[in-house]
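Structure file upload.cif; described as mmCIF, C-alpha atoms.
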```
data_run
#
loop_
_atom_site.label_atom_id
_atom_site.label_comp_id
_atom_site.auth_asym_id
_atom_site.auth_seq_id
_atom_site.Cartn_x
_atom_site.Cartn_y
_atom_site.Cartn_z
CA MET A 772 -42.09 55.22 -0.05
CA SER A 773 -40.48 52.98 2.51
CA CYS A 774 -36.87 51.83 2.44
CA GLU A 775 -37.99 48.32 1.44
CA LYS A 776 -39.92 49.67 -1.52
CA PHE A 777 -36.94 51.84 -2.37
CA GLU A 778 -34.75 48.74 -2.53
CA VAL A 779 -37.25 46.85 -4.68
CA ARG A 780 -37.68 49.77 -7.03
CA LEU A 781 -33.93 50.19 -7.28
CA GLN A 782 -33.46 46.58 -8.31
CA GLU A 783 -36.29 46.80 -10.84
CA LEU A 784 -34.70 49.80 -12.50
CA LEU A 785 -31.33 48.14 -12.58
CA ASP A 786 -32.90 45.02 -14.07
CA GLU A 787 -34.29 47.21 -16.84
CA ARG A 788 -30.85 48.78 -17.28
CA LEU A 789 -32.11 52.20 -16.30
CA ARG A 790 -30.25 54.70 -14.17
CA PRO A 791 -31.81 54.87 -10.66
CA GLU A 792 -30.71 58.43 -10.01
CA ASP A 793 -32.98 59.59 -12.81
CA ASP A 794 -36.06 58.08 -11.16
CA ALA A 795 -38.23 60.69 -9.43
CA GLN A 796 -39.68 58.38 -6.76
CA LEU A 797 -36.29 57.15 -5.69
CA GLY A 798 -34.96 60.69 -5.69
CA ARG A 799 -37.69 61.92 -3.37
CA HIS A 800 -37.08 59.06 -0.92
CA ALA A 801 -33.33 59.47 -1.07
CA ASP A 802 -33.72 63.16 -0.18
CA ALA A 803 -35.53 62.18 2.97
CA CYS A 804 -33.54 59.02 3.86
CA PRO A 805 -29.74 59.35 4.19
CA ALA A 806 -29.23 55.57 4.20
CA CYS A 807 -31.05 55.08 0.94
CA ARG A 808 -29.29 58.12 -0.42
CA GLY A 809 -26.02 56.40 0.38
CA VAL A 810 -27.19 53.30 -1.44
CA LEU A 811 -28.16 55.36 -4.44
CA THR A 812 -24.79 57.05 -4.44
CA ALA A 813 -22.98 53.75 -4.09
CA GLN A 814 -24.98 52.34 -6.93
CA ALA A 815 -23.98 55.22 -9.15
CA ALA A 816 -20.33 54.75 -8.14
CA LEU A 817 -20.59 51.07 -8.95
CA TRP A 818 -21.86 51.95 -12.37
CA ASP A 819 -19.01 54.30 -12.92
CA GLY A 820 -16.58 51.69 -11.74
CA LEU A 821 -18.01 49.10 -14.09
CA ALA A 822 -17.87 51.58 -16.94
CA GLY A 823 -14.18 52.08 -16.22
CA ARG A 824 -13.47 48.42 -16.67
CA PRO A 825 -12.22 47.79 -20.16
CA ALA A 826 -13.85 45.20 -22.31
CA PRO A 827 -11.69 42.10 -22.62
CA ARG A 828 -9.90 41.79 -25.92
CA THR A 829 -8.47 38.76 -27.58
CA SER A 830 -4.78 38.50 -28.39
CA ALA A 831 -3.49 39.73 -31.72
CA GLY A 832 -3.35 36.42 -33.54
CA PHE A 833 -6.60 35.05 -32.20
CA VAL A 834 -8.53 35.12 -35.47
CA GLU A 835 -5.66 33.62 -37.43
CA ALA A 836 -5.23 30.88 -34.84
CA VAL A 837 -8.91 30.03 -34.91
CA VAL A 838 -9.01 29.92 -38.71
CA ALA A 839 -5.83 27.83 -38.86
CA ASN A 840 -7.23 25.48 -36.27
CA ALA A 841 -10.48 25.18 -38.16
CA GLU A 842 -8.71 24.44 -41.43
CA CYS A 843 -6.45 22.01 -39.63
CA GLY A 844 -9.42 20.17 -38.21
CA ALA A 845 -11.26 20.20 -41.54
CA GLY A 846 -8.23 18.72 -43.25
CA GLY A 847 -7.85 16.05 -40.64
CA ASN A 848 -4.22 16.98 -40.19
CA ALA A 849 -3.30 16.41 -36.57
CA GLU A 850 0.21 17.82 -36.90
CA CYS A 851 -0.64 21.40 -37.56
CA GLY A 852 0.96 22.51 -34.34
CA VAL A 853 -1.92 24.76 -33.40
CA ARG A 854 -3.55 23.85 -30.17
CA ASN A 855 -6.97 22.33 -30.38
CA ALA A 856 -8.41 22.12 -26.93
CA GLU A 857 -11.19 19.78 -27.88
CA TRP A 858 -8.88 17.28 -29.50
CA GLU A 859 -6.64 17.42 -26.46
CA GLU A 860 -9.61 16.77 -24.26
CA ARG A 861 -10.69 13.83 -26.38
CA GLY A 862 -7.17 12.45 -26.22
CA ARG A 863 -7.19 12.73 -22.45
CA ARG A 864 -10.52 10.94 -22.34
CA ARG A 865 -9.23 8.15 -24.53
CA THR A 866 -6.20 7.78 -22.31
CA ALA A 867 -8.36 7.68 -19.22
CA VAL A 868 -10.61 5.05 -20.82
CA GLY A 869 -7.55 3.02 -21.80
CA TRP A 870 -6.27 3.06 -18.25
CA LEU A 871 -9.67 2.05 -16.97
CA VAL A 872 -9.82 -0.89 -19.38
CA ALA A 873 -6.30 -1.95 -18.44
CA ALA A 874 -7.16 -1.77 -14.77
CA ALA A 875 -10.30 -3.83 -15.37
CA VAL A 876 -8.30 -6.46 -17.25
CA VAL A 877 -5.74 -6.63 -14.47
CA VAL A 878 -8.47 -6.95 -11.88
CA ALA A 879 -10.10 -9.71 -13.91
CA VAL A 880 -6.93 -11.64 -14.74
CA ALA A 881 -5.02 -11.33 -11.49
CA PRO A 882 -7.25 -13.69 -9.44
CA ALA A 883 -7.25 -16.26 -12.25
CA ALA A 884 -3.47 -16.09 -12.56
CA TYR A 885 -3.10 -16.33 -8.81
CA TRP A 886 -5.25 -19.44 -8.60
CA SER A 887 -3.52 -20.97 -11.61
CA ILE A 888 -0.09 -20.46 -10.10
CA ARG A 889 -1.27 -21.67 -6.75
CA SER A 890 -2.85 -24.85 -8.15
CA GLY A 891 0.32 -25.51 -10.21
CA ALA A 892 2.45 -25.20 -7.11
CA THR A 893 0.10 -27.55 -5.30
CA ARG A 894 0.38 -30.13 -8.06
CA LYS A 895 4.14 -29.79 -8.12
CA THR A 896 4.35 -30.29 -4.36
CA ALA A 897 2.12 -33.34 -4.56
CA ALA A 898 4.28 -34.80 -7.34
CA GLU A 899 7.41 -34.21 -5.33
CA ARG A 900 5.77 -35.82 -2.32
CA GLU A 901 4.87 -38.84 -4.41
CA SER A 902 8.37 -39.13 -5.79
CA VAL A 903 9.87 -38.98 -2.29
CA ALA A 904 7.36 -41.21 -0.57
CA PRO A 905 7.69 -45.02 -0.98
CA GLN A 906 5.29 -46.53 -3.38
CA ALA A 907 2.49 -48.50 -1.92
CA PRO A 908 2.51 -52.20 -2.77
CA THR A 909 0.20 -53.02 -5.57
CA SER A 910 -1.59 -56.24 -6.19
CA PRO A 911 -0.32 -58.50 -8.97
CA GLN A 912 -3.51 -57.90 -10.94
CA ILE A 913 -2.99 -54.15 -10.88
CA ALA A 914 0.70 -54.49 -11.72
CA GLU A 915 -0.12 -56.78 -14.57
CA HIS A 916 -2.78 -54.38 -15.76
CA ARG A 917 -0.41 -51.44 -15.63
CA ALA A 918 2.57 -53.17 -17.28
CA PRO A 919 2.68 -52.50 -20.97
CA PRO A 920 2.64 -55.56 -23.21
CA PRO A 921 6.10 -56.53 -24.51
CA GLU A 922 6.63 -55.31 -28.01
CA VAL A 923 9.38 -57.86 -28.80
CA ALA A 924 10.39 -61.14 -27.32
CA THR A 925 13.11 -61.02 -24.69
CA ILE A 926 15.40 -63.57 -23.18
CA ASP A 927 13.18 -63.61 -20.10
CA ASP A 928 10.56 -65.37 -22.16
CA GLY A 929 12.77 -68.42 -21.86
CA ASP A 930 12.57 -68.40 -18.09
CA PRO A 931 12.27 -72.01 -17.09
CA GLY A 932 10.78 -71.21 -13.71
CA SER A 933 7.37 -70.19 -14.90
CA ALA A 934 6.02 -73.74 -15.01
CA PRO A 935 5.20 -75.55 -11.79
CA ILE A 936 7.71 -78.02 -10.45
CA PRO A 937 6.57 -81.11 -8.58
CA SER A 938 7.36 -80.82 -4.91
CA SER A 939 8.26 -84.47 -4.66
CA LEU A 940 11.55 -83.95 -6.52
CA THR A 941 14.84 -83.62 -4.75
CA PRO A 942 16.75 -80.37 -5.21
CA GLU A 943 19.05 -81.95 -7.72
CA GLU A 944 16.14 -83.24 -9.72
CA ARG A 945 14.44 -79.87 -9.62
CA TYR A 946 17.41 -78.05 -11.05
CA ALA A 947 17.98 -80.71 -13.59
CA LEU A 948 14.39 -80.17 -14.64
CA LEU A 949 14.80 -76.44 -14.74
CA LEU A 950 17.94 -76.70 -16.86
CA GLU A 951 16.24 -79.06 -19.23
CA ARG A 952 13.25 -76.76 -19.61
CA TRP A 953 15.44 -73.80 -20.25
CA GLN A 954 17.46 -75.58 -22.89
CA SER A 955 14.29 -76.83 -24.52
CA GLN A 956 12.92 -73.32 -24.75
CA LEU A 957 16.00 -71.84 -26.40
CA PRO A 958 15.05 -72.86 -29.96
CA GLU A 959 11.55 -71.48 -29.49
CA LEU A 960 13.04 -68.29 -28.17
CA GLY A 961 15.43 -68.13 -31.09
CA GLY A 962 12.56 -68.62 -33.47
CA ARG A 963 10.54 -65.85 -31.83
CA LEU A 964 13.55 -63.61 -32.12
CA GLY A 965 13.90 -64.50 -35.76
CA LEU A 966 17.30 -66.05 -35.33
CA ILE A 967 16.55 -69.70 -36.13
CA GLY A 968 13.62 -71.70 -37.21
CA GLU A 969 11.09 -72.65 -34.60
CA ASP A 970 11.30 -76.26 -35.65
CA ALA A 971 15.00 -76.47 -34.99
CA PRO A 972 16.09 -79.19 -32.55
CA ALA A 973 17.19 -78.44 -29.07
CA THR A 974 20.81 -79.05 -29.99
CA GLN A 975 20.76 -75.93 -32.03
CA GLY A 976 20.27 -73.90 -28.86
CA ALA A 977 23.93 -73.15 -28.52
CA ALA A 978 24.20 -72.27 -32.17
CA ALA A 979 21.19 -70.03 -31.80
CA VAL A 980 22.78 -68.27 -28.91
CA SER A 981 25.86 -67.61 -30.96
CA GLN A 982 23.77 -66.06 -33.66
CA ILE A 983 22.05 -63.65 -31.39
CA THR A 984 22.77 -60.18 -32.41
CA ASP A 985 24.34 -57.52 -30.31
CA ARG A 986 20.94 -56.06 -29.69
CA ILE A 987 20.02 -58.79 -27.25
CA ARG A 988 23.43 -59.91 -26.24
CA THR A 989 23.46 -58.07 -22.97
CA PRO A 990 20.12 -59.32 -21.64
CA LEU A 991 20.91 -62.76 -22.90
CA SER A 992 24.23 -62.66 -21.11
CA SER A 993 22.46 -61.64 -17.98
CA SER A 994 20.11 -64.52 -18.31
CA LEU A 995 22.98 -66.91 -18.97
CA ILE A 996 24.77 -65.72 -15.90
CA SER A 997 21.65 -66.36 -13.94
CA THR A 998 21.55 -69.85 -15.34
CA LEU A 999 25.17 -70.37 -14.46
CA ASN A 1000 24.47 -69.35 -10.94
CA VAL A 1001 21.61 -71.79 -10.75
CA LEU A 1002 23.78 -74.55 -12.05
CA ARG A 1003 26.60 -73.77 -9.71
CA THR A 1004 24.34 -73.76 -6.72
CA ALA A 1005 22.56 -76.89 -7.91
CA LEU A 1006 25.75 -78.93 -8.17
CA PRO A 1007 26.35 -81.13 -5.13
CA THR A 1008 29.90 -79.97 -4.71
CA GLY A 1009 29.30 -76.42 -5.75
CA ALA A 1010 29.21 -73.77 -3.10
CA ASP A 1011 28.55 -70.36 -4.57
CA PRO A 1012 28.81 -67.57 -2.01
CA SER A 1013 26.82 -65.13 -4.18
CA PRO A 1014 23.16 -64.76 -3.34
CA ALA A 1015 20.57 -66.43 -5.46
CA LYS A 1016 18.85 -64.41 -8.11
CA PRO A 1017 15.26 -63.47 -7.52
CA GLN A 1018 14.43 -65.32 -10.69
CA ALA A 1019 15.58 -68.57 -9.15
CA ARG A 1020 13.91 -67.79 -5.86
CA ARG A 1021 10.61 -67.25 -7.57
CA ALA A 1022 10.87 -70.57 -9.29
CA GLY A 1023 10.98 -72.32 -5.98
CA ALA A 1024 14.67 -72.97 -6.23
CA VAL A 1025 16.54 -73.92 -3.17
CA SER A 1026 18.65 -71.22 -1.66
CA GLU A 1027 22.35 -71.42 -1.34
CA ARG A 1028 22.14 -72.54 2.25
CA THR A 1029 19.72 -75.29 1.38
CA ALA A 1030 21.87 -76.42 -1.46
CA MET B 425 -15.02 31.66 -41.58
CA ARG B 426 -12.79 34.60 -40.78
CA GLN B 427 -15.70 37.03 -40.98
CA LEU B 428 -17.69 34.98 -38.56
CA VAL B 429 -14.83 34.92 -36.07
CA GLU B 430 -14.20 38.63 -36.40
CA ARG B 431 -17.86 39.44 -35.98
CA TYR B 432 -18.54 37.37 -32.87
CA ARG B 433 -15.16 37.07 -31.21
CA ASP B 434 -15.80 39.93 -28.74
CA ASN B 435 -19.09 38.43 -27.60
CA VAL B 436 -17.70 34.93 -27.33
CA PHE B 437 -14.45 35.95 -25.74
CA GLY B 438 -16.16 38.38 -23.35
CA LEU B 439 -18.54 35.69 -22.22
CA CYS B 440 -15.66 33.27 -21.75
CA VAL B 441 -13.74 35.82 -19.71
CA ARG B 442 -16.71 36.48 -17.46
CA MET B 443 -17.33 32.79 -17.03
CA LEU B 444 -13.78 31.59 -16.60
CA GLY B 445 -12.03 34.63 -15.20
CA ARG B 446 -8.70 33.89 -16.85
CA ILE B 447 -7.60 35.42 -20.11
CA HIS B 448 -5.70 32.39 -21.39
CA ASP B 449 -8.44 29.96 -20.44
CA ALA B 450 -10.99 32.24 -22.02
CA GLU B 451 -9.03 32.42 -25.26
CA ASP B 452 -8.70 28.65 -25.42
CA ALA B 453 -12.39 28.31 -24.72
CA ALA B 454 -13.26 30.85 -27.40
CA GLN B 455 -11.17 28.94 -29.93
CA GLU B 456 -12.91 25.75 -28.99
CA VAL B 457 -16.29 27.43 -29.35
CA PHE B 458 -15.54 28.58 -32.89
CA LEU B 459 -14.22 25.17 -33.85
CA ARG B 460 -17.40 23.60 -32.57
CA VAL B 461 -19.41 26.14 -34.48
CA PHE B 462 -17.55 25.41 -37.71
CA ARG B 463 -18.07 21.70 -37.32
CA SER B 464 -21.77 22.15 -36.65
CA LEU B 465 -22.57 24.87 -39.14
CA HIS B 466 -24.34 22.44 -41.46
CA ARG B 467 -26.80 21.64 -38.69
CA VAL B 468 -27.74 25.25 -37.94
CA ASP B 469 -31.42 26.03 -38.26
CA ARG B 470 -31.44 29.02 -40.63
CA THR B 471 -34.87 30.09 -39.45
CA ARG B 472 -33.65 30.76 -35.93
CA ASP B 473 -31.26 33.33 -34.54
CA PHE B 474 -27.60 32.47 -34.70
CA GLU B 475 -26.51 34.26 -31.55
CA PRO B 476 -28.50 32.25 -28.97
CA TRP B 477 -27.09 29.08 -30.51
CA LEU B 478 -23.58 30.50 -30.34
CA LEU B 479 -24.24 31.60 -26.78
CA ALA B 480 -25.40 28.12 -25.82
CA ILE B 481 -22.27 26.54 -27.27
CA THR B 482 -20.12 29.05 -25.43
CA GLY B 483 -21.91 28.40 -22.17
CA ASN B 484 -21.53 24.64 -22.58
CA CYS B 485 -17.86 24.94 -23.34
CA CYS B 486 -17.23 27.23 -20.37
CA ARG B 487 -19.19 25.04 -17.98
CA THR B 488 -17.21 22.02 -19.13
CA ARG B 489 -13.98 23.85 -18.44
CA LEU B 490 -15.23 25.03 -15.06
CA LYS B 491 -16.02 21.43 -14.11
CA GLN B 492 -12.56 20.34 -15.20
CA ARG B 493 -11.07 23.14 -13.20
CA SER B 494 -13.06 22.28 -10.10
CA ARG B 495 -11.86 18.69 -10.44
CA ARG B 496 -8.31 19.92 -10.53
CA LEU B 497 -9.01 21.96 -7.39
CA GLU B 498 -7.66 25.08 -8.94
CA SER B 499 -8.51 28.49 -7.64
CA GLN B 500 -10.00 31.05 -9.91
CA PRO B 501 -8.16 34.31 -9.51
CA LEU B 502 -9.83 37.24 -11.13
CA GLU B 503 -6.66 39.29 -10.88
CA GLU B 504 -5.39 37.95 -14.15
CA VAL B 505 -8.29 39.52 -15.96
CA CYS B 506 -7.94 42.84 -14.29
CA ASP B 507 -4.16 42.99 -14.28
CA GLN B 508 -4.36 43.85 -17.93
CA SER B 509 -6.86 46.55 -17.27
CA PRO B 510 -5.55 50.03 -18.01
CA SER B 511 -7.61 51.47 -15.18
CA ALA B 512 -5.78 49.34 -12.66
CA ALA B 513 -2.48 50.38 -14.13
CA SER B 514 -3.49 54.04 -14.07
CA GLY B 515 -4.53 53.85 -10.46
CA ASP B 516 -8.23 54.36 -10.89
CA ASP B 517 -9.42 53.79 -7.33
CA LEU B 518 -13.05 53.23 -8.13
CA ALA B 519 -12.40 50.60 -10.77
CA GLU B 520 -9.90 48.95 -8.46
CA GLU B 521 -12.42 48.86 -5.65
CA VAL B 522 -15.00 47.35 -8.00
CA ARG B 523 -12.47 44.72 -9.02
CA LEU B 524 -11.78 43.89 -5.40
CA GLY B 525 -15.48 43.74 -4.64
CA LEU B 526 -16.06 41.41 -7.57
CA ALA B 527 -13.23 39.16 -6.44
CA GLN B 528 -14.94 38.75 -3.07
CA LEU B 529 -18.25 37.65 -4.51
CA ARG B 530 -19.31 34.05 -4.80
CA GLU B 531 -18.46 32.67 -8.22
CA GLU B 532 -21.99 32.21 -9.44
CA HIS B 533 -22.98 35.66 -8.16
CA ARG B 534 -20.04 37.28 -9.90
CA ARG B 535 -20.66 35.43 -13.17
CA ALA B 536 -24.32 36.30 -13.20
CA PHE B 537 -23.59 39.94 -12.34
CA LEU B 538 -20.91 40.33 -15.02
CA LEU B 539 -22.96 38.55 -17.65
CA PHE B 540 -25.86 40.89 -16.93
CA HIS B 541 -24.07 44.20 -16.50
CA GLU B 542 -20.96 43.81 -18.62
CA GLN B 543 -21.92 41.22 -21.20
CA GLU B 544 -25.45 42.68 -21.21
CA LEU B 545 -27.17 39.33 -21.50
CA SER B 546 -30.79 38.98 -20.47
CA TYR B 547 -31.74 36.92 -17.45
CA ALA B 548 -33.05 34.19 -19.72
CA GLU B 549 -29.79 34.05 -21.63
CA ILE B 550 -27.79 33.96 -18.41
CA ALA B 551 -29.98 31.17 -17.15
CA GLY B 552 -29.22 29.24 -20.31
CA VAL B 553 -25.51 29.90 -20.15
CA LEU B 554 -25.17 29.06 -16.47
CA ASP B 555 -27.69 26.25 -16.68
CA ALA B 556 -29.60 27.65 -13.72
CA PRO B 557 -33.24 28.67 -13.14
CA LEU B 558 -34.10 32.19 -14.16
CA GLY B 559 -35.29 33.18 -10.66
CA THR B 560 -32.06 31.93 -9.18
CA VAL B 561 -30.05 33.96 -11.65
CA LYS B 562 -32.06 37.04 -10.76
CA THR B 563 -31.40 36.49 -7.08
CA TRP B 564 -27.70 36.05 -7.74
CA VAL B 565 -27.52 39.35 -9.62
CA HIS B 566 -29.44 41.22 -6.91
CA ARG B 567 -27.24 39.83 -4.16
CA ALA B 568 -24.13 40.69 -6.12
CA ARG B 569 -25.31 44.28 -6.44
CA ARG B 570 -26.02 44.62 -2.74
CA GLU B 571 -22.72 43.08 -1.74
CA LEU B 572 -20.81 45.30 -4.12
CA ILE B 573 -22.57 48.39 -2.76
CA GLU B 574 -21.79 47.32 0.78
CA HIS B 575 -18.18 46.71 -0.22
CA LEU B 576 -17.88 50.18 -1.71
CA GLN B 577 -19.48 51.74 1.38
CA GLN B 578 -17.21 49.79 3.74
CA ARG B 579 -14.15 50.77 1.78
CA GLY B 580 -15.07 54.45 2.07
CA VAL B 581 -15.21 54.94 -1.63
CA ILE B 582 -18.52 56.68 -1.17
CA GLU B 583 -20.20 58.39 1.73
CA GLU B 584 -21.03 55.94 4.53
CA PRO B 585 -24.78 55.64 5.12
CA ARG B 586 -26.14 56.14 8.61
CA HIS B 587 -27.81 52.72 8.88
CA VAL B 588 -27.39 49.29 7.34
CA VAL B 589 -28.82 48.62 3.92
CA ARG B 590 -31.92 46.54 4.20
CA LYS B 591 -32.16 43.28 2.35
CA VAL B 592 -34.64 42.94 -0.49
#
```
Can the structure from this file be put into structure tokens for me?
Amino acid sequence: MSCEKFEVRLQELLDERLRPEDDAQLGRHADACPACRGVLTAQAALWDGLAGRPAPRTSAGFVEAVVANAECGAGGNAECGVRNAEWEERGRRRTAVGWLVAAAVVVAVAPAAYWSIRSGATRKTAAERESVAPQAPTSPQIAEHRAPPPEVATIDDGDPGSAPIPSSLTPEERYALLLERWQSQLPELGGRLGLIGEDAPATQGAAAVSQITDRIRTPLSSSLISTLNVLRTALPTGADPSPAKPQARRAGAVSERTA
Amino acid sequence: MRQLVERYRDNVFGLCVRMLGRIHDAEDAAQEVFLRVFRSLHRVDRTRDFEPWLLAITGNCCRTRLKQRSRRLESQPLEEVCDQSPSAASGDDLAEEVRLGLAQLREEHRRAFLLFHEQELSYAEIAGVLDAPLGTVKTWVHRARRELIEHLQQRGVIEEPRHVVRKV
């Protein structure tokens, strides 16, 4: 028997849980081969050493702990106080899954929130820029289209300058015409405001003005002041240093200097 | 329930110790094994042997714990197992040298060796427990034997041979 065959035979015997030193073939080779005899001796020592190792024993309360844990799990009571490794592991898994889901939500929401905030800031900046920048002039058609329709009649509806004035008139004649138109429109205005009847004569204009309620007193006063200014500038001897109102300018009225 | 635990606790706990190497880990694993068994008892095939099924559950549980341990990058000291050994406390040199030799083996070699020689499982059972091919398990056990013999020879526990042990 060669040393290789000795080694193979030794492993075969050990695999069959037999003692090699009892095998005759191995014994004969070991007598002639000191190296293999040393292996055989070492193998026997290893067996003795393994035999000297005590079998592991559980702790004293192992059985009771297992039974208590089993009853605890069967009863579904999670507060038994006895450690259940599997439940702990499941809890750790749930926690890990929860963190993963939270991270996924954050990853999904963060870009959307970022773009939302960014677009909001952009809109805000644009609005601020618009509020600071001067407004571009708009055409009368667009301005008329954008202006909301008046809900109630105002004193401006009695503006006498809306109708064309013949250019052949002298300044005095123009303002006389404007004053006449304004006075003639007062009853109509009073009727539209519900103060007097629409069929009332023009002489009732002053009475209508006196009946105007406080609600429209201020705009009416403003309009009257405008009229007063027109009259003062229209008088031949009148010299009003205050500038003309835009209302009068629009109506083609003569400026103060012209007057 | 109690009878089942008392009857199989040594086998289950021994296997867990040889797989995990730590007494406390092994006890936790053994508890988990029995809990799994109790929860799955209604699914047991009565026509087949109970022990291989119990062995398979134990192996699964231990492998799961070994994976968790490897993820935590923990070492696996075998000293904890042997510190409680009376032979170590009594100064038995041979048993101490065997313990040292086992601690120097690769993990899979040591597990396969202990499961075969101490737990007395067959190669097929070890292959099932370790989830490894049977031939591989056999190779692991053979290598563990040779390395342990070399360790004992190098440590002077036995008479030094005159030439190197040939590999199988």
### Query
Applied to the shown file, which residues does the PyMOL selection byres ((chain B and resi 455-465) around 8) return, written as an MDAnalysis selection string?
(chainID A and resid 833 836:837 840:841 855:857) or (chainID B and resid 425 429 436 451:454 466:468 478 481:482 485)
Closest atom pairs, chain A residues within 10 Å of chain B, only C-alpha atoms, as a tab-separated table:
```
residue	atom	partner	partner_atom	distance
A:Cys774	CA	B:Arg590	CA	7.5
A:Glu775	CA	B:Val592	CA	6.6
A:Lys776	CA	B:Val592	CA	8.6
A:Phe777	CA	B:Val592	CA	9.4
A:Glu778	CA	B:Val592	CA	6.1
A:Val779	CA	B:Val592	CA	6.3
A:Arg780	CA	B:Val592	CA	9.9
A:Leu781	CA	B:Val592	CA	10.0
A:Gln782	CA	B:His566	CA	6.8
A:Glu783	CA	B:His566	CA	9.7
A:Leu785	CA	B:His541	CA	9.1
A:Asp786	CA	B:Phe540	CA	8.6
A:Glu787	CA	B:Ser546	CA	9.7
A:Arg788	CA	B:His541	CA	8.2
A:Cys804	CA	B:Arg586	CA	9.3
A:Pro805	CA	B:Pro585	CA	6.3
A:Ala806	CA	B:Pro585	CA	4.5
A:Cys807	CA	B:Val589	CA	7.5
A:Arg808	CA	B:Pro585	CA	7.6
A:Gly809	CA	B:Pro585	CA	5.0
A:Val810	CA	B:Ile573	CA	6.9
A:Leu811	CA	B:Ile573	CA	9.1
A:Thr812	CA	B:Ile582	CA	7.1
A:Ala813	CA	B:Ile573	CA	5.5
A:Gln814	CA	B:Ile573	CA	6.2
A:Ala815	CA	B:Ile573	CA	9.5
A:Ala816	CA	B:Leu518	CA	7.4
A:Leu817	CA	B:Val522	CA	6.8
A:Trp818	CA	B:His541	CA	9.1
A:Asp819	CA	B:Leu518	CA	7.7
A:Gly820	CA	B:Ala519	CA	4.4
A:Leu821	CA	B:Ala519	CA	6.7
A:Ala822	CA	B:Ala519	CA	8.3
A:Gly823	CA	B:Ala519	CA	5.9
A:Arg824	CA	B:Ala519	CA	6.4
A:Pro825	CA	B:Ser509	CA	6.2
A:Ala826	CA	B:Gly438	CA	7.3
A:Pro827	CA	B:Gly438	CA	5.9
A:Arg828	CA	B:Asp434	CA	6.8
A:Thr829	CA	B:Glu451	CA	6.8
A:Ser830	CA	B:Glu451	CA	8.1
A:Phe833	CA	B:Glu451	CA	7.8
A:Val834	CA	B:Val429	CA	6.3
A:Glu835	CA	B:Arg426	CA	7.9
A:Ala836	CA	B:Gln455	CA	7.9
A:Val837	CA	B:Gln455	CA	5.6
A:Val838	CA	B:Arg426	CA	6.4
A:Ala839	CA	B:Arg426	CA	9.9
A:Asn840	CA	B:Leu459	CA	7.4
A:Ala841	CA	B:Leu459	CA	5.7
A:Glu842	CA	B:Leu459	CA	9.4
A:Gly844	CA	B:Leu459	CA	8.2
A:Ala845	CA	B:Arg463	CA	8.2
A:Arg854	CA	B:Asp452	CA	8.5
A:Asn855	CA	B:Glu456	CA	7.0
A:Ala856	CA	B:Glu456	CA	6.1
A:Glu857	CA	B:Glu456	CA	6.3
A:Trp858	CA	B:Glu456	CA	9.4
```
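CA of His533 (chain B) is positioned 13.5 Å from CA of Asp555 (chain B).
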### Task
Could you tell me how far CA of Phe537 (chain B) lies from CA of Glu571 (chain B), in Å and to one decimal?
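Separating CA of Phe537 (chain B) from CA of Glu571 (chain B) is a distance of 11.1 Å.
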#### Entry: Nearest to Ala803 (chain A) by atom-to-atom distance, counting only C-alpha atoms, from A:Met772, A:Leu950, A:Ala873, A:Leu789
A:Met772
### Task
Report the distance between CA of Gly483 (chain B) and CA of Leu554 (chain B) in Å, rounded to one decimal place.
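These two atoms are separated by 6.6 Å.
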List the spatial neighbours of Ala536 (chain B) as a PDB file with C-alpha atoms, in the frame of the given file - criterion: any atom at most 7 Å away, only C-alpha atoms, same-chain residues fewer than 5 positions off excluded.
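For reference, part.pdb as written:
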```pdb
ATOM      1  CA  ILE B 550     -27.790  33.960 -18.410  1.00  0.00           C
ATOM      2  CA  VAL B 561     -30.050  33.960 -11.650  1.00  0.00           C
ATOM      3  CA  TRP B 564     -27.700  36.050  -7.740  1.00  0.00           C
ATOM      4  CA  VAL B 565     -27.520  39.350  -9.620  1.00  0.00           C
TER       5      VAL B 565
END
```
### Message
Need to verify the contact set: Ala795 (chain A), 12 Å, all atoms listed in the file, exclusion of same-chain residues closer than 2 positions in sequence. Can you return it as a PyMOL selection string?
### Response
chain A and resi 772+777+780-781+784+790-793+797-802
Once you add 5 Å to each side, what are the centre and edge lengths of the axis-aligned box holding all listed atoms of region 518-535 of chain B? One decimal in Å, as AutoDock Vina command-line options, if you can.
```
--center_x -16.4 --center_y 42.7 --center_z -8.1 --size_x 23.1 --size_y 31.0 --size_z 20.1
```
#### Entry: From B:Phe474, B:Ala568, B:Arg496, B:Leu529, residue lying nearest Tyr432 (chain B) [all atoms listed in the file]
B:Phe474
